[in-house]
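Undergrad: Dropping a structure here in structure tokens format, bear with me for questions.
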Amino acid sequence: MKIARRSFLLAPIGMRAQEAAGRWTEAQAWAWYKKQGWLVGCNYTPAYAINQLEMWQADSFDAKAIDRELGLAEGIGLNTLRVFLHDLLWTTDSAGLVKRMNTFLGICQRHKIKPMFVLFDSVWDPYPKAGKQRSPKPGVHNSGWVQSPGAEILGDPAKFAKLEAYVTGVMSAFAKDARVLAWDLWNEPDNTNGNSYKSTELAGKSTHIEVWMPKVFAWARSTKPVQPLTVGVWQGKDWSNNESMSPVDRMLIGMSDVISFHNYSAAPEFEKRMKALERLKRPLLCTEYMARGAGSTFEGVLPVAAKYDVAAYNWGFVQGKTQTDLPWDSWQKPYVGREPSVWFHEIFRKDGKPYRQEEVDLIRKLASEKSRR
């Protein structure tokens with residue numbers, strides 16, 4: 001089955017709303033954003049889970065642990081989370097997934113937190129399997145995280161088309177639910193994952209993404225969600241004009257209701273990237289930042305985000321089985337039996353104590369100040 005690409009998807013970023021098949025207008029996007037207040041949160045995986053599957057599957061989902069950790073989040077002023085799902089959760093237990101998502105949303109609501117759900121993810125292990133997940137590799141960052149969909153599905157039009165049921169099923173269940181903030185349809189879709197799974201990565205990923213991303217947006221919009229849709233840009237050196245961006249990035253920005261992006265650089269580069277995206281005249285959400293060893297810190301980046309009312313989601317929360325307190329280079333030189341000199345991600349230790357008290361004090365202070373304005 002051959003699927004033709006539609007040329008308008010690579011049209012200039014300034015395309016009109018009607019050309020983007022249901023994309024919110026700028027006025028709609030700003031009306032939604034102004035109702036939220038300043039959004040400050042994290043990318044959240046419970047400490048007990050090595051990946052999305054272990055977080056949500058029936059035999060490992062732990063509502064009490066989540067409630068305890070979200071109490072920590074509420075205590076420092078976080079009001080949103082970015083939370084990953086997986087297509088295998090739907091194909092193996094759709095009713096159970098909806099039930100557990102509803103439980104999760106109830107916990108979030110008690111803690112005054114609104115999550116953004118991520119449906120697909122192109123990063124880390126391209127061969128996911130449902131069921132019991134493997135143990136973490138000693139000393140290695142995010143050693144058990146899995147892609148969604150896996151390479152076997154992404155490259156096969158017949159198999160990928162079956163994922164329409166996942167997108168529409170999950171979103172239909174919560175498309176009108178005020179407890180859900182937004183839908184991030186695909187994390188770093190064109191990430192080739194070369195530093196960790198180079199020998200097994202799917203060839204031509206960007207080509208597949210250019211074909212499938214419009215389909216995913218169309219499936220999502222068919223549920224008529226009251227929440228915005230987005231997919232973030234994350235690579236490239238210059239976002240200041242259309243021509244300097246990749247075809248995939250131009251496509252993502254042209255279809256997203258609100259603009260999301262990732263940046264793990266120090267504050268000056270973060271501000272530069274943010275300002276480059278301001279030309280798009282839509283709300284900005286930084287859905288990944290904060291890697292201390294790379295120069296992206298709370299004290300550097302978060303005040304800039306607060307100043308410009310840009311939503312900010314750091315990577316990580318409580319030290320756990322993802323081991324993302326370890327740096328990216330642990331894939332080449334595992335930190336076995338030793339901590340890095342500086343944690344890469346995470347805010348809290350396993351016992352619930354802050355890694356750095358001054359960081360949680362800053363988050364709490366900025367969140368409090370912004371909520372009073």
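Chains: A, B, ... in order of the structure tokens. Residues: from 1 per chain. Ligands: from 1, in order shown.
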Name all residues at most 12 Å from A:Leu72 (count only C-alpha atoms; drop same-chain ones fewer than 6 positions away) and give them as a ChimeraX atom specification.

TA: /A:41-42,46,65-66,78-79,108,111-113,317-318,347-354,360,364

Undergrad: Any idea what's packed within 12 Å of A:Gln57, counting only C-alpha atoms, ignoring anything in its chain fewer than 5 positions away? Could you give it as a PDB file with C-alpha atoms, in the first residue's frame?

TA:
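After the write, selection-v7.pdb holds the following:
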```
ATOM      1  CA  ALA A  49       9.139   2.255  36.123  1.00  0.00           C
ATOM      2  CA  ILE A  50      11.949   1.754  33.641  1.00  0.00           C
ATOM      3  CA  ASN A  51       9.723   2.953  30.779  1.00  0.00           C
ATOM      4  CA  GLN A  52       6.203   3.843  29.634  1.00  0.00           C
ATOM      5  CA  ASP A  62       1.218   1.763  41.303  1.00  0.00           C
ATOM      6  CA  ALA A  63      -1.278   4.503  42.144  1.00  0.00           C
ATOM      7  CA  LEU A  85       1.960   6.447  26.676  1.00  0.00           C
ATOM      8  CA  HIS A  86       2.683   3.558  24.269  1.00  0.00           C
ATOM      9  CA  ASP A  87       0.737   1.916  21.441  1.00  0.00           C
ATOM     10  CA  LEU A  88       1.285  -1.562  22.928  1.00  0.00           C
ATOM     11  CA  LEU A  89      -0.645  -0.498  26.017  1.00  0.00           C
ATOM     12  CA  TRP A  90      -3.687  -0.081  23.781  1.00  0.00           C
ATOM     13  CA  THR A  91      -3.262  -3.188  21.631  1.00  0.00           C
ATOM     14  CA  THR A  92      -2.796  -5.469  24.658  1.00  0.00           C
ATOM     15  CA  ASP A  93      -5.290  -3.925  27.123  1.00  0.00           C
ATOM     16  CA  SER A  94      -7.242  -0.940  25.836  1.00  0.00           C
ATOM     17  CA  ALA A  95      -9.929  -0.979  28.534  1.00  0.00           C
ATOM     18  CA  GLY A  96      -7.318  -1.332  31.262  1.00  0.00           C
ATOM     19  CA  LEU A  97      -5.282   1.557  29.890  1.00  0.00           C
ATOM     20  CA  VAL A  98      -8.289   3.892  29.882  1.00  0.00           C
ATOM     21  CA  LYS A  99      -9.141   2.833  33.432  1.00  0.00           C
ATOM     22  CA  ARG A 100      -5.621   3.481  34.693  1.00  0.00           C
ATOM     23  CA  MET A 101      -5.384   6.795  32.844  1.00  0.00           C
ATOM     24  CA  LYS A 129       7.708  -5.725  23.807  1.00  0.00           C
ATOM     25  CA  ALA A 130       4.723  -5.749  26.138  1.00  0.00           C
ATOM     26  CA  GLY A 131       4.830  -7.666  29.408  1.00  0.00           C
ATOM     27  CA  LYS A 132       7.505  -7.772  32.056  1.00  0.00           C
ATOM     28  CA  GLN A 133      10.256  -5.285  31.266  1.00  0.00           C
TER      29      GLN A 133
END
```

Undergrad: Which one is closest to A:Phe61: A:Ala47, A:Met290, A:Ala73, A:Ala182? Count only C-alpha atoms.

TA: A:Ala47

Undergrad: Extract the full set of alpha helix (DSSP H) residues from stretch 269-323 of chain A according to DSSP on the backbone, and format it as an MDAnalysis selection string.

TA: chainID A and resid 269:278 298:307

Undergrad: Print the selection's residues with C-alpha atoms to a file, as a PDB file, in the first residue's frame.

TA:
```
ATOM      1  CA  GLU A 269      21.066  29.686  23.646  1.00  0.00           C
ATOM      2  CA  PHE A 270      17.700  28.776  25.178  1.00  0.00           C
ATOM      3  CA  GLU A 271      16.605  32.405  24.939  1.00  0.00           C
ATOM      4  CA  LYS A 272      17.867  32.642  21.357  1.00  0.00           C
ATOM      5  CA  ARG A 273      15.855  29.567  20.312  1.00  0.00           C
ATOM      6  CA  MET A 274      12.774  30.792  22.132  1.00  0.00           C
ATOM      7  CA  LYS A 275      12.949  34.202  20.477  1.00  0.00           C
ATOM      8  CA  ALA A 276      13.369  32.563  17.070  1.00  0.00           C
ATOM      9  CA  LEU A 277      10.060  30.784  17.580  1.00  0.00           C
ATOM     10  CA  GLU A 278       8.226  33.879  18.799  1.00  0.00           C
ATOM     11  CA  PHE A 298      17.071  25.462  36.605  1.00  0.00           C
ATOM     12  CA  GLU A 299      18.811  28.611  37.784  1.00  0.00           C
ATOM     13  CA  GLY A 300      19.792  29.555  34.226  1.00  0.00           C
ATOM     14  CA  VAL A 301      16.805  28.583  32.093  1.00  0.00           C
ATOM     15  CA  LEU A 302      13.730  28.701  34.330  1.00  0.00           C
ATOM     16  CA  PRO A 303      13.858  32.464  35.084  1.00  0.00           C
ATOM     17  CA  VAL A 304      14.066  33.126  31.331  1.00  0.00           C
ATOM     18  CA  ALA A 305      11.032  30.934  30.664  1.00  0.00           C
ATOM     19  CA  ALA A 306       9.138  32.668  33.473  1.00  0.00           C
ATOM     20  CA  LYS A 307      10.049  36.124  32.171  1.00  0.00           C
TER      21      LYS A 307
END
```

Undergrad: Hey, which of A:Val146, A:Ala266, A:Ala367, A:Leu81 ends up closest to A:Gly295? Count only C-alpha atoms.

TA: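 The closest residue to A:Gly295 is A:Ala266.
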
Undergrad: With distances taken over only C-alpha atoms, which residue among A:Trp343, A:Phe160, A:Tyr313, A:Trp331 lies nearest A:Ile363?

TA: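 Closest candidate: A:Tyr313.
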
Undergrad: So that I can see what lies close to A:Ser135, please list as number ranges by chain the residues with an atom at most 9 Å from it, counting only C-alpha atoms and leaving out residues fewer than 4 positions away in the same chain.

TA: A: 50, 143-144, 321

Undergrad: Store the residues picked out above in a file with N, CA and C atoms, as an mmCIF file, in the first residue's frame.

TA:
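Generated file (part-v9.cif):
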```cif
data_model
loop_
_atom_site.group_PDB
_atom_site.id
_atom_site.type_symbol
_atom_site.label_atom_id
_atom_site.label_comp_id
_atom_site.auth_asym_id
_atom_site.auth_seq_id
_atom_site.Cartn_x
_atom_site.Cartn_y
_atom_site.Cartn_z
ATOM 1 N N ILE A 50 10.801 1.562 34.530
ATOM 2 C CA ILE A 50 11.949 1.754 33.641
ATOM 3 C C ILE A 50 11.523 2.439 32.344
ATOM 4 N N SER A 143 18.208 3.103 30.001
ATOM 5 C CA SER A 143 18.582 1.892 29.274
ATOM 6 C C SER A 143 17.407 1.010 28.887
ATOM 7 N N GLY A 144 16.206 1.282 29.435
ATOM 8 C CA GLY A 144 15.063 0.444 29.117
ATOM 9 C C GLY A 144 13.917 1.170 28.449
ATOM 10 N N LYS A 321 14.308 3.942 38.153
ATOM 11 C CA LYS A 321 14.772 2.906 37.242
ATOM 12 C C LYS A 321 15.156 3.431 35.859
#
```
